[in-house]
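Down below is the structure, laid out as structure tokens.
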Amino acid sequence: MSTDPQRKPYTPPVLEFKSSTFFVPVLILYNNDLPAIEQVLQEKIRQAPDFFKNSPLVFDVQALNKHNYDLDIVALIDFLRKLGLFPIGIRGGNEQQNKQARELFLTIDAIRDSASAETRKPVIDEPAHKPEPVEQTVESVAAPAPASPATTLITYPIRSGQRIYAAGDLVVLSQVSAGAEIMAEGNIHVYNTLRGRALAGVQGNKDARIFCFDLQAELISIAGDYKTSEDFDEDLRKKPVQIYLQDRALFIKDIAKT
Amino acid sequence: MARIIVVTSGKGGVGKTTTSAAIAMGLAKKGHKTAVIDFDVGLRNLDLIMGCERRVVYDFVNVINGEASLSQALIRDKNCNLLYILPASQTRDKDALSLEGVGRVLDELSKDFKYIVCDSPAGIEKGANLALYFADDAFVVTNPEISSVRDSDRMLGILSSKSRRAENGEEPIKEYLLLTRYEPSRVKSGEMLGLDDVQEILSLHLLGIIPESKTVLTASNAGSPVILNDKSEAGQAYADVVARYLGEKRPHRFIDGKKGFFSKLFGRKS
Ligand SMILES: Nc1ncnc2c1ncn2[C@@H]1O[C@H](COP(=O)(O)OP(=O)(O)OP(=O)(O)O)[C@@H](O)[C@H]1O
Ligand SMILES: [Mg+2]
């Protein structure tokens, strides 16, 4: 016979709401040519299969509708699913598109750029799991960071294939290898050689800057505007630089000369 | 408790198996009971380089599956009785290895051996990840050319994030660089990266530079690890590596012309 002391009944609350922040790529369509969209998407997916595999996705047809380009969203949703994506919502649809979307269990204009996210903690994402903003086809639905998010400090080398995400500023003391990617909602400081990709202001903060000690980056981006190493001035290579956005133009300046 | 060493690279054909055979023999010759495991399931060739291919009865996969005991599968080396080889299976694919199974075999070996050398397959997929998962030390084998350096860098990222030590938040794997197939004359002429070029990217603790040498192939063909040939520069270099790993201070050799003029070109788009 069991002599268990009387067990307290397990009575958790039935449910609970928590506010979390997720990244959902938003696919903004500028063209209603489905085969062309499919081709470009396939190419993007080929470049970053891990990122896109099973990724939820919101598509935005506002620009299309502005120009009265009608898009068959049933066909669109169908091939998005075939490509392994999970369309979860539509933005900027017309009446008929919204009706079709609803029938396919998609949300209508539910996910906005201004979605609030009050309690945000700085996050260091472990490499290779978390989504990344990919060029400009992807924006995030999370809100800009609150006033003073924590600074994330990294003291170990960031190797090819690794990915770091900081909700506030990111300070890196070691080198960032080619093939690595560092992202921050705020500024990025690299007090070493930057060979990989650095994306600052990834939630849209256009005032974010990148500072690095030795510019050999593959790509730099602020609030979605980017330059690849091909676009860098030859005499800025291997220099300590700061990078900032002004009037939608990216500037790379030798720190010693600013 | 054994110390588990993974010999890894990312890129294929850079000298992992050659290195595994040499250092396992070197450690055993220094009096440490050592096992060397071939993780390259489906492409086994450690047994060829160790010259024991005709004595293979059971293999790593058999042990994992419980079809043979460890003592049945381990092959004692013909040159050194402190060295044992656990061959890979030629007839299975890499899915035959499981994390749990590999862990069990390493645990059992740990009771009896001082060092366990894991010869990793190329790539960054399952086989390579399993080979490094339980490691305490990593010998990152790199050739002086850019794609090998890049792949080693990628491997270092995996070592620091996907190993048991990383997952448990323990002290990280100790990472060492082995620069192999080094040819000072080709470094001088700019055809090959120099040590400095490589270290600019990897910045690792250098365990040794193994020169390109015909004796490596001769040794493989003879089934006798090159470290046993003390006339061979590559053999001497591997002996240095083992000594340094065990804490001896030895100056680096076979290194002339370490400044490649790639240094200047480096970082430029190609
Ligand atoms: N120092 C060296 N000098 C000359 N040849 C070498 C040297 N090291 C390795 N080799 C040759 O390079 C080839 C590949 O070596 P090895 O099989 O050890 O590489 P590996 O990294 O294990 O390859 P894999 O990725 O296929 O497992 C072999 O032919 C070997 O003889
Ligand atoms: Mg091999």
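Letters A, B, ... mark the chains of the structure tokens in the order given; residue numbers begin at 1 per chain; ligand numbers begin at 1, in order shown.
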Residues of stretch 197-216 of chain B at most 10 Å from stretch 147-160 of chain B: nearest atom pair and distance in Å, only C-alpha atoms, as a Markdown table:
| residue | atom | partner | partner_atom | distance |
| --- | --- | --- | --- | --- |
| B:Asp197 | CA | B:Val149 | CA | 9.6 |
| B:Val198 | CA | B:Val149 | CA | 6.6 |
| B:Gln199 | CA | B:Val149 | CA | 9.2 |
| B:Ile201 | CA | B:Val149 | CA | 7.6 |
| B:Leu202 | CA | B:Asp153 | CA | 6.3 |
| B:Ser203 | CA | B:Asp153 | CA | 9.8 |
| B:Leu204 | CA | B:Leu156 | CA | 9.9 |
Would you write out those residues with C-alpha atoms, as an mmCIF file, in the first residue's frame?
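Saved as again_28.cif:
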data_model
loop_
_atom_site.group_PDB
_atom_site.id
_atom_site.type_symbol
_atom_site.label_atom_id
_atom_site.label_comp_id
_atom_site.auth_asym_id
_atom_site.auth_seq_id
_atom_site.Cartn_x
_atom_site.Cartn_y
_atom_site.Cartn_z
ATOM 1 C CA ASP B 197 47.890 34.320 -43.693
ATOM 2 C CA VAL B 198 46.164 31.323 -42.166
ATOM 3 C CA GLN B 199 46.536 32.592 -38.618
ATOM 4 C CA ILE B 201 41.854 34.204 -40.151
ATOM 5 C CA LEU B 202 41.913 31.361 -37.650
ATOM 6 C CA SER B 203 44.062 32.705 -34.796
ATOM 7 C CA LEU B 204 44.435 29.324 -33.141
#
Fill in: Spatial neighbours of B:Gly42, max dist 10 Å, only C-alpha atoms, sep filter under 2 positions, as a ChimeraX atom specification
/B:39-40,44-45,88-94,96,121
Generate a file of the selected residues that holds C-alpha atoms, formatted as a PDB file, in the first residue's frame.
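Done, and the output landed in again-v1.pdb:
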ATOM      1  CA  PHE B  39      33.916   7.854 -37.956  1.00  0.00           C
ATOM      2  CA  ASP B  40      33.917   7.807 -41.748  1.00  0.00           C
ATOM      3  CA  ARG B  44      36.556   3.552 -44.140  1.00  0.00           C
ATOM      4  CA  ASN B  45      40.258   3.907 -44.739  1.00  0.00           C
ATOM      5  CA  ALA B  88      34.318   2.010 -39.554  1.00  0.00           C
ATOM      6  CA  SER B  89      31.797  -0.060 -41.386  1.00  0.00           C
ATOM      7  CA  GLN B  90      32.191  -0.121 -45.143  1.00  0.00           C
ATOM      8  CA  THR B  91      28.704  -1.394 -45.793  1.00  0.00           C
ATOM      9  CA  ARG B  92      26.519   1.020 -43.847  1.00  0.00           C
ATOM     10  CA  ASP B  93      25.855   4.690 -44.221  1.00  0.00           C
ATOM     11  CA  LYS B  94      26.387   7.414 -41.685  1.00  0.00           C
ATOM     12  CA  ALA B  96      23.945   3.931 -38.684  1.00  0.00           C
ATOM     13  CA  PRO B 121      34.648  12.409 -41.965  1.00  0.00           C
TER      14      PRO B 121
END
Item to complete: Report as a PyMOL selection string the set of chain A residues whose atoms approach chain B to within 9 Å, with distances computed over only C-alpha atoms.
Response: chain A and resi 126-127+157-162+175+177-180+195+216-218+229-230+237-238
Worksheet item: Would you name the residues within 8 Å of ligand 1, counting only C-alpha atoms and all ligand atoms, and put them as an MDAnalysis selection string?
Response: chainID B and resid 8:20 40 43 45 119:123 141 180:182 210:218 220 234
With N, CA, C and O atoms retained, could you export that selection as a CSV table (one decimal), in the first residue's frame?
chain,number,residue,atom,x,y,z
B,8,THR,N,39.5,17.0,-37.2
B,8,THR,CA,38.4,17.5,-38.0
B,8,THR,C,38.9,18.6,-38.9
B,8,THR,O,40.0,19.1,-38.8
B,9,SER,N,38.1,19.0,-39.9
B,9,SER,CA,38.5,20.0,-40.9
B,9,SER,C,37.4,20.6,-41.6
B,9,SER,O,37.6,21.7,-42.1
B,10,GLY,N,36.2,20.0,-41.8
B,10,GLY,CA,35.3,20.5,-42.7
B,10,GLY,C,35.6,20.1,-44.1
B,10,GLY,O,34.9,19.2,-44.7
B,11,LYS,N,36.6,20.5,-44.7
B,11,LYS,CA,37.0,20.2,-46.0
B,11,LYS,C,37.5,18.8,-46.1
B,11,LYS,O,38.2,18.3,-45.2
B,12,GLY,N,37.3,18.1,-47.2
B,12,GLY,CA,37.7,16.7,-47.4
B,12,GLY,C,39.2,16.7,-47.9
B,12,GLY,O,39.7,17.6,-48.5
B,13,GLY,N,39.8,15.5,-47.7
B,13,GLY,CA,41.1,15.3,-48.3
B,13,GLY,C,42.3,16.1,-47.8
B,13,GLY,O,43.2,16.3,-48.5
B,14,VAL,N,42.1,16.7,-46.6
B,14,VAL,CA,43.2,17.6,-46.2
B,14,VAL,C,44.3,16.9,-45.3
B,14,VAL,O,45.3,17.5,-45.0
B,15,GLY,N,44.0,15.7,-44.9
B,15,GLY,CA,44.9,14.9,-44.1
B,15,GLY,C,44.4,14.5,-42.7
B,15,GLY,O,45.2,14.2,-41.8
B,16,LYS,N,43.1,14.4,-42.5
B,16,LYS,CA,42.6,14.1,-41.2
B,16,LYS,C,43.0,12.6,-40.8
B,16,LYS,O,43.4,12.4,-39.7
B,17,THR,N,42.8,11.7,-41.8
B,17,THR,CA,43.0,10.3,-41.5
B,17,THR,C,44.5,10.1,-41.3
B,17,THR,O,45.0,9.4,-40.3
B,18,THR,N,45.3,10.7,-42.1
B,18,THR,CA,46.8,10.6,-42.0
B,18,THR,C,47.2,11.1,-40.6
B,18,THR,O,48.0,10.5,-39.9
B,19,THR,N,46.6,12.2,-40.2
B,19,THR,CA,46.9,12.8,-38.9
B,19,THR,C,46.4,12.0,-37.7
B,19,THR,O,47.2,11.7,-36.8
B,20,SER,N,45.2,11.4,-37.9
B,20,SER,CA,44.7,10.6,-36.8
B,20,SER,C,45.6,9.4,-36.5
B,20,SER,O,45.9,9.0,-35.4
B,40,ASP,N,34.3,7.6,-40.3
B,40,ASP,CA,33.9,7.8,-41.7
B,40,ASP,C,33.2,6.6,-42.2
B,40,ASP,O,33.7,5.8,-43.1
B,43,LEU,N,33.1,4.9,-45.9
B,43,LEU,CA,34.3,5.2,-46.7
B,43,LEU,C,35.6,4.9,-45.8
B,43,LEU,O,36.5,5.6,-45.8
B,45,ASN,N,38.9,4.1,-44.3
B,45,ASN,CA,40.3,3.9,-44.7
B,45,ASN,C,41.3,4.1,-43.7
B,45,ASN,O,42.5,3.9,-43.9
B,119,ASP,N,38.6,10.1,-35.8
B,119,ASP,CA,38.9,10.5,-37.2
B,119,ASP,C,37.6,10.9,-37.8
B,119,ASP,O,36.8,10.1,-38.2
B,120,SER,N,37.4,12.2,-38.0
B,120,SER,CA,36.1,12.7,-38.5
B,120,SER,C,36.0,12.6,-40.0
B,120,SER,O,37.0,12.7,-40.7
B,121,PRO,N,34.8,12.3,-40.5
B,121,PRO,CA,34.6,12.4,-42.0
B,121,PRO,C,34.6,13.9,-42.4
B,121,PRO,O,34.5,14.8,-41.5
B,122,ALA,N,34.7,14.1,-43.7
B,122,ALA,CA,34.7,15.5,-44.1
B,122,ALA,C,33.2,16.0,-44.0
B,122,ALA,O,32.3,15.3,-43.7
B,123,GLY,N,33.1,17.3,-44.2
B,123,GLY,CA,31.7,17.9,-44.2
B,123,GLY,C,31.4,18.4,-42.9
B,123,GLY,O,32.1,18.4,-41.9
B,141,VAL,N,42.6,20.3,-38.8
B,141,VAL,CA,43.6,20.1,-39.9
B,141,VAL,C,43.2,21.0,-41.0
B,141,VAL,O,42.1,21.0,-41.5
B,180,THR,N,48.7,21.4,-42.6
B,180,THR,CA,49.3,20.2,-43.2
B,180,THR,C,49.6,20.5,-44.7
B,180,THR,O,49.0,21.4,-45.3
B,181,ARG,N,50.4,19.6,-45.3
B,181,ARG,CA,50.8,19.7,-46.7
B,181,ARG,C,51.4,21.1,-47.0
B,181,ARG,O,51.1,21.7,-48.1
B,182,TYR,N,52.2,21.6,-46.1
B,182,TYR,CA,52.8,22.9,-46.2
B,182,TYR,C,54.1,22.8,-47.1
B,182,TYR,O,54.9,21.9,-46.9
B,210,ILE,N,52.9,20.4,-40.8
B,210,ILE,CA,53.3,19.2,-41.4
B,210,ILE,C,53.7,19.5,-42.9
B,210,ILE,O,52.8,19.9,-43.7
B,211,PRO,N,54.9,19.3,-43.3
B,211,PRO,CA,55.3,19.6,-44.6
B,211,PRO,C,54.7,18.6,-45.6
B,211,PRO,O,54.4,17.4,-45.2
B,212,GLU,N,54.5,19.0,-46.8
B,212,GLU,CA,54.1,18.1,-47.9
B,212,GLU,C,55.3,17.1,-48.1
B,212,GLU,O,56.5,17.5,-48.1
B,213,SER,N,55.0,15.9,-48.1
B,213,SER,CA,56.1,14.9,-48.2
B,213,SER,C,55.6,13.6,-48.9
B,213,SER,O,54.5,13.1,-48.6
B,214,LYS,N,56.4,13.1,-49.8
B,214,LYS,CA,56.1,11.9,-50.5
B,214,LYS,C,56.0,10.7,-49.6
B,214,LYS,O,55.4,9.7,-49.8
B,215,THR,N,56.7,10.8,-48.5
B,215,THR,CA,56.8,9.7,-47.5
B,215,THR,C,55.4,9.4,-46.9
B,215,THR,O,55.1,8.3,-46.4
B,216,VAL,N,54.5,10.4,-47.0
B,216,VAL,CA,53.1,10.2,-46.5
B,216,VAL,C,52.4,9.1,-47.3
B,216,VAL,O,51.8,8.2,-46.7
B,217,LEU,N,52.5,9.3,-48.6
B,217,LEU,CA,51.9,8.3,-49.5
B,217,LEU,C,52.5,6.9,-49.3
B,217,LEU,O,51.8,5.9,-49.2
B,218,THR,N,53.8,6.9,-49.3
B,218,THR,CA,54.5,5.6,-49.1
B,218,THR,C,54.1,4.9,-47.9
B,218,THR,O,53.8,3.7,-47.8
B,220,SER,N,51.2,5.4,-46.2
B,220,SER,CA,49.9,4.9,-46.3
B,220,SER,C,49.8,3.5,-47.1
B,220,SER,O,49.1,2.6,-46.7
B,234,ALA,N,57.7,14.7,-42.6
B,234,ALA,CA,56.4,14.7,-42.1
B,234,ALA,C,56.3,13.9,-40.8
B,234,ALA,O,55.6,14.3,-39.8
When you look at B:Ser224 with a cut-off of 12 Å (counting only C-alpha atoms), what residues show up, excluding the ones that are within fewer than 3 positions of it in the same chain? I need them as a CSV table (one decimal) with N, CA, C and O atoms, in the first residue's frame.
chain,number,residue,atom,x,y,z
B,18,THR,N,45.3,10.7,-42.1
B,18,THR,CA,46.8,10.6,-42.0
B,18,THR,C,47.2,11.1,-40.6
B,18,THR,O,48.0,10.5,-39.9
B,21,ALA,N,46.0,8.8,-37.7
B,21,ALA,CA,46.8,7.6,-37.5
B,21,ALA,C,48.1,8.0,-36.9
B,21,ALA,O,48.6,7.3,-36.0
B,22,ALA,N,48.7,9.1,-37.3
B,22,ALA,CA,50.0,9.5,-36.8
B,22,ALA,C,50.0,9.8,-35.3
B,22,ALA,O,50.8,9.4,-34.6
B,25,MET,N,49.3,6.8,-33.0
B,25,MET,CA,50.5,6.0,-32.9
B,25,MET,C,51.5,6.8,-32.0
B,25,MET,O,52.1,6.2,-31.1
B,46,LEU,N,40.9,4.3,-42.4
B,46,LEU,CA,41.8,4.4,-41.3
B,46,LEU,C,42.5,3.0,-41.2
B,46,LEU,O,43.7,3.0,-41.0
B,47,ASP,N,41.7,2.0,-41.3
B,47,ASP,CA,42.3,0.6,-41.2
B,47,ASP,C,43.4,0.4,-42.3
B,47,ASP,O,44.4,-0.3,-42.0
B,48,LEU,N,43.2,0.9,-43.5
B,48,LEU,CA,44.2,0.8,-44.5
B,48,LEU,C,45.5,1.5,-44.1
B,48,LEU,O,46.6,0.9,-44.2
B,49,ILE,N,45.4,2.7,-43.6
B,49,ILE,CA,46.5,3.5,-43.3
B,49,ILE,C,47.2,2.9,-42.0
B,49,ILE,O,48.5,3.0,-41.9
B,50,MET,N,46.5,2.3,-41.2
B,50,MET,CA,47.1,1.6,-40.0
B,50,MET,C,47.5,0.2,-40.4
B,50,MET,O,48.1,-0.5,-39.5
B,51,GLY,N,47.2,-0.3,-41.6
B,51,GLY,CA,47.7,-1.6,-42.0
B,51,GLY,C,47.0,-2.7,-41.3
B,51,GLY,O,47.6,-3.8,-41.1
B,52,CYS,N,45.7,-2.6,-40.9
B,52,CYS,CA,45.0,-3.7,-40.2
B,52,CYS,C,43.8,-4.1,-41.0
B,52,CYS,O,42.9,-4.7,-40.4
B,53,GLU,N,43.7,-3.7,-42.3
B,53,GLU,CA,42.4,-3.9,-43.0
B,53,GLU,C,42.1,-5.4,-43.1
B,53,GLU,O,40.9,-5.8,-43.2
B,77,ASP,N,47.0,-2.8,-32.6
B,77,ASP,CA,48.0,-2.5,-33.6
B,77,ASP,C,49.2,-3.4,-33.6
B,77,ASP,O,49.6,-3.9,-32.6
B,78,LYS,N,49.7,-3.7,-34.8
B,78,LYS,CA,50.8,-4.7,-35.0
B,78,LYS,C,52.1,-4.1,-34.5
B,78,LYS,O,53.0,-4.8,-34.1
B,79,ASN,N,52.3,-2.8,-34.5
B,79,ASN,CA,53.5,-2.2,-34.0
B,79,ASN,C,53.6,-1.8,-32.6
B,79,ASN,O,54.6,-1.6,-32.0
B,80,CYS,N,52.4,-1.5,-32.0
B,80,CYS,CA,52.4,-1.0,-30.7
B,80,CYS,C,51.3,-1.5,-29.9
B,80,CYS,O,50.1,-1.4,-30.3
B,215,THR,N,56.7,10.8,-48.5
B,215,THR,CA,56.8,9.7,-47.5
B,215,THR,C,55.4,9.4,-46.9
B,215,THR,O,55.1,8.3,-46.4
B,216,VAL,N,54.5,10.4,-47.0
B,216,VAL,CA,53.1,10.2,-46.5
B,216,VAL,C,52.4,9.1,-47.3
B,216,VAL,O,51.8,8.2,-46.7
B,217,LEU,N,52.5,9.3,-48.6
B,217,LEU,CA,51.9,8.3,-49.5
B,217,LEU,C,52.5,6.9,-49.3
B,217,LEU,O,51.8,5.9,-49.2
B,218,THR,N,53.8,6.9,-49.3
B,218,THR,CA,54.5,5.6,-49.1
B,218,THR,C,54.1,4.9,-47.9
B,218,THR,O,53.8,3.7,-47.8
B,219,ALA,N,54.0,5.7,-46.8
B,219,ALA,CA,53.6,5.2,-45.5
B,219,ALA,C,52.2,4.6,-45.6
B,219,ALA,O,51.9,3.5,-45.1
B,220,SER,N,51.2,5.4,-46.2
B,220,SER,CA,49.9,4.9,-46.3
B,220,SER,C,49.8,3.5,-47.1
B,220,SER,O,49.1,2.6,-46.7
B,221,ASN,N,50.6,3.5,-48.2
B,221,ASN,CA,50.6,2.3,-49.0
B,221,ASN,C,51.1,1.1,-48.2
B,221,ASN,O,50.7,0.0,-48.4
B,227,ILE,N,54.5,8.6,-38.8
B,227,ILE,CA,55.2,9.0,-37.6
B,227,ILE,C,56.3,8.0,-37.3
B,227,ILE,O,57.3,8.2,-36.6
B,228,LEU,N,56.1,6.7,-37.8
B,228,LEU,CA,57.0,5.7,-37.5
B,228,LEU,C,58.3,5.8,-38.3
B,228,LEU,O,59.3,5.2,-38.0
B,229,ASN,N,58.2,6.7,-39.3
B,229,ASN,CA,59.4,6.9,-40.2
B,229,ASN,C,60.2,8.1,-39.7
B,229,ASN,O,59.8,9.2,-40.1
B,235,GLY,N,57.0,12.8,-40.8
B,235,GLY,CA,57.0,11.9,-39.6
B,235,GLY,C,57.6,12.7,-38.4
B,235,GLY,O,57.0,12.7,-37.3
Practice prompt. Would you list, as a VMD selection string, the residues of stretch 128-225 of chain B that end up in helix (DSSP H, G or I) under DSSP run on this structure's backbone?
Written response: chain B and resid 128 to 133 146 to 161 164 to 167 184 to 188 195 to 202 214 to 222
Discussion item. I'd like to know which of A:Leu76, A:Val24, A:Ala249, A:Leu34 is closest to A:Leu57, using only C-alpha atoms.
Written reply: A:Val24
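In this comparison, which uses only C-alpha atoms, the residue of B:Lys126, B:Arg3, B:Lys111, B:Arg253 approaching B:Pro184 most closely is B:Arg253.
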Fill in: Residue contacts of B:Tyr133 (7 Å, only C-alpha atoms) excluding same-chain residues fewer than 4 positions away, as a PyMOL selection string
chain B and resi 129+162-164
Find the residues around B:Tyr176 up to 8 Å (only C-alpha atoms counted), leave out those fewer than 2 positions away in its own chain, and share them as an mmCIF file with N, CA and C atoms, in the first residue's frame.
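Result saved to part_15.cif:
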data_model
loop_
_atom_site.group_PDB
_atom_site.id
_atom_site.type_symbol
_atom_site.label_atom_id
_atom_site.label_comp_id
_atom_site.auth_asym_id
_atom_site.auth_seq_id
_atom_site.Cartn_x
_atom_site.Cartn_y
_atom_site.Cartn_z
ATOM 1 N N ASP B 137 39.295 17.896 -26.966
ATOM 2 C CA ASP B 137 40.259 18.660 -27.746
ATOM 3 C C ASP B 137 39.945 18.477 -29.225
ATOM 4 N N ALA B 138 40.193 19.520 -30.003
ATOM 5 C CA ALA B 138 39.990 19.400 -31.447
ATOM 6 C C ALA B 138 41.283 19.746 -32.160
ATOM 7 N N PHE B 139 41.734 18.836 -33.043
ATOM 8 C CA PHE B 139 42.846 19.149 -33.927
ATOM 9 C C PHE B 139 42.224 19.560 -35.257
ATOM 10 N N VAL B 140 42.337 20.820 -35.561
ATOM 11 C CA VAL B 140 41.721 21.309 -36.792
ATOM 12 C C VAL B 140 42.776 21.252 -37.900
ATOM 13 N N LYS B 174 39.141 22.531 -26.428
ATOM 14 C CA LYS B 174 40.411 23.191 -26.743
ATOM 15 C C LYS B 174 40.713 22.986 -28.224
ATOM 16 N N LEU B 178 46.518 22.404 -36.944
ATOM 17 C CA LEU B 178 47.545 21.616 -37.617
ATOM 18 C C LEU B 178 47.540 22.018 -39.075
ATOM 19 N N LEU B 204 44.537 30.484 -34.028
ATOM 20 C CA LEU B 204 44.435 29.324 -33.141
ATOM 21 C C LEU B 204 45.795 28.989 -32.568
ATOM 22 N N HIS B 205 45.766 28.175 -31.520
ATOM 23 C CA HIS B 205 47.025 27.672 -30.989
ATOM 24 C C HIS B 205 47.622 26.685 -31.992
ATOM 25 N N LEU B 206 48.822 26.987 -32.481
ATOM 26 C CA LEU B 206 49.434 26.146 -33.516
ATOM 27 C C LEU B 206 50.133 24.949 -32.884
ATOM 28 N N LEU B 207 49.670 23.767 -33.249
ATOM 29 C CA LEU B 207 50.286 22.560 -32.709
ATOM 30 C C LEU B 207 51.418 22.074 -33.611
#
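Taking only C-alpha atoms into account, A:Ala75 lies nearest to A:Gln100 out of the set A:Thr155, A:Asn192, A:Gln242, A:Gln100.
As for atom CA of B:Met1 and atom CA of B:Ala131, they are spaced 17.9 Å apart.
With distances taken over only C-alpha atoms and all ligand atoms, B:Cys118 is the one residue among B:Leu179, B:Val56, B:Ile173, B:Cys118 lying closest to ligand 2.
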Practice prompt. Write out as a PyMOL selection string the residues lying within 7 Å of stretch 60-75 of chain B, counting only C-alpha atoms and excluding same-chain residues fewer than 2 positions away.
Written response: chain B and resi 57-58+77+84-89+96-97+101-102+105
Could you take the residues named above and write them with N, CA and C atoms, as a PDB file, in the first residue's frame?
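again31.pdb was written with the following content:
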ATOM      1  N   VAL B  57      37.041  -7.650 -38.356  1.00  0.00           N
ATOM      2  CA  VAL B  57      35.921  -8.591 -38.282  1.00  0.00           C
ATOM      3  C   VAL B  57      34.644  -7.807 -37.973  1.00  0.00           C
ATOM      4  N   TYR B  58      34.674  -7.119 -36.849  1.00  0.00           N
ATOM      5  CA  TYR B  58      33.536  -6.287 -36.461  1.00  0.00           C
ATOM      6  C   TYR B  58      33.940  -4.822 -36.555  1.00  0.00           C
ATOM      7  N   ASP B  77      47.046  -2.831 -32.572  1.00  0.00           N
ATOM      8  CA  ASP B  77      47.997  -2.480 -33.620  1.00  0.00           C
ATOM      9  C   ASP B  77      49.177  -3.442 -33.639  1.00  0.00           C
ATOM     10  N   TYR B  84      44.940   0.743 -30.193  1.00  0.00           N
ATOM     11  CA  TYR B  84      43.824  -0.056 -30.707  1.00  0.00           C
ATOM     12  C   TYR B  84      43.044   0.735 -31.747  1.00  0.00           C
ATOM     13  N   ILE B  85      42.551   0.014 -32.735  1.00  0.00           N
ATOM     14  CA  ILE B  85      41.793   0.667 -33.806  1.00  0.00           C
ATOM     15  C   ILE B  85      40.360   0.154 -33.786  1.00  0.00           C
ATOM     16  N   LEU B  86      39.421   1.084 -33.873  1.00  0.00           N
ATOM     17  CA  LEU B  86      38.014   0.696 -34.035  1.00  0.00           C
ATOM     18  C   LEU B  86      37.603   1.124 -35.443  1.00  0.00           C
ATOM     19  N   PRO B  87      37.516   0.151 -36.356  1.00  0.00           N
ATOM     20  CA  PRO B  87      37.292   0.517 -37.758  1.00  0.00           C
ATOM     21  C   PRO B  87      35.846   0.931 -38.024  1.00  0.00           C
ATOM     22  N   ALA B  88      35.667   1.636 -39.132  1.00  0.00           N
ATOM     23  CA  ALA B  88      34.318   2.010 -39.554  1.00  0.00           C
ATOM     24  C   ALA B  88      33.742   0.886 -40.385  1.00  0.00           C
ATOM     25  N   SER B  89      32.439   0.933 -40.542  1.00  0.00           N
ATOM     26  CA  SER B  89      31.797  -0.060 -41.386  1.00  0.00           C
ATOM     27  C   SER B  89      31.851   0.421 -42.823  1.00  0.00           C
ATOM     28  N   ALA B  96      23.821   5.039 -39.623  1.00  0.00           N
ATOM     29  CA  ALA B  96      23.945   3.931 -38.684  1.00  0.00           C
ATOM     30  C   ALA B  96      24.503   4.398 -37.341  1.00  0.00           C
ATOM     31  N   LEU B  97      25.120   5.593 -37.312  1.00  0.00           N
ATOM     32  CA  LEU B  97      25.645   6.108 -36.045  1.00  0.00           C
ATOM     33  C   LEU B  97      24.571   6.944 -35.358  1.00  0.00           C
ATOM     34  N   GLY B 101      24.385   6.060 -29.223  1.00  0.00           N
ATOM     35  CA  GLY B 101      25.276   4.913 -29.422  1.00  0.00           C
ATOM     36  C   GLY B 101      26.741   5.314 -29.340  1.00  0.00           C
ATOM     37  N   VAL B 102      27.077   6.423 -29.993  1.00  0.00           N
ATOM     38  CA  VAL B 102      28.465   6.892 -29.968  1.00  0.00           C
ATOM     39  C   VAL B 102      28.854   7.231 -28.529  1.00  0.00           C
ATOM     40  N   VAL B 105      29.648   4.054 -26.569  1.00  0.00           N
ATOM     41  CA  VAL B 105      30.943   3.452 -26.906  1.00  0.00           C
ATOM     42  C   VAL B 105      32.090   4.273 -26.319  1.00  0.00           C
TER      43      VAL B 105
END
Discussion item. Residues within 12 Å of A:Asp33, please, as number ranges by chain. Count only C-alpha atoms; anything in the same chain fewer than 5 positions from it doesn't count.
Written reply: A: 38-40, 64, 69-73, 75-76
Worksheet entry | Pairwise distance for atom CA of A:Asp169 and atom CA of A:Asp231, rounded to one decimal in Å | 25.3 Å
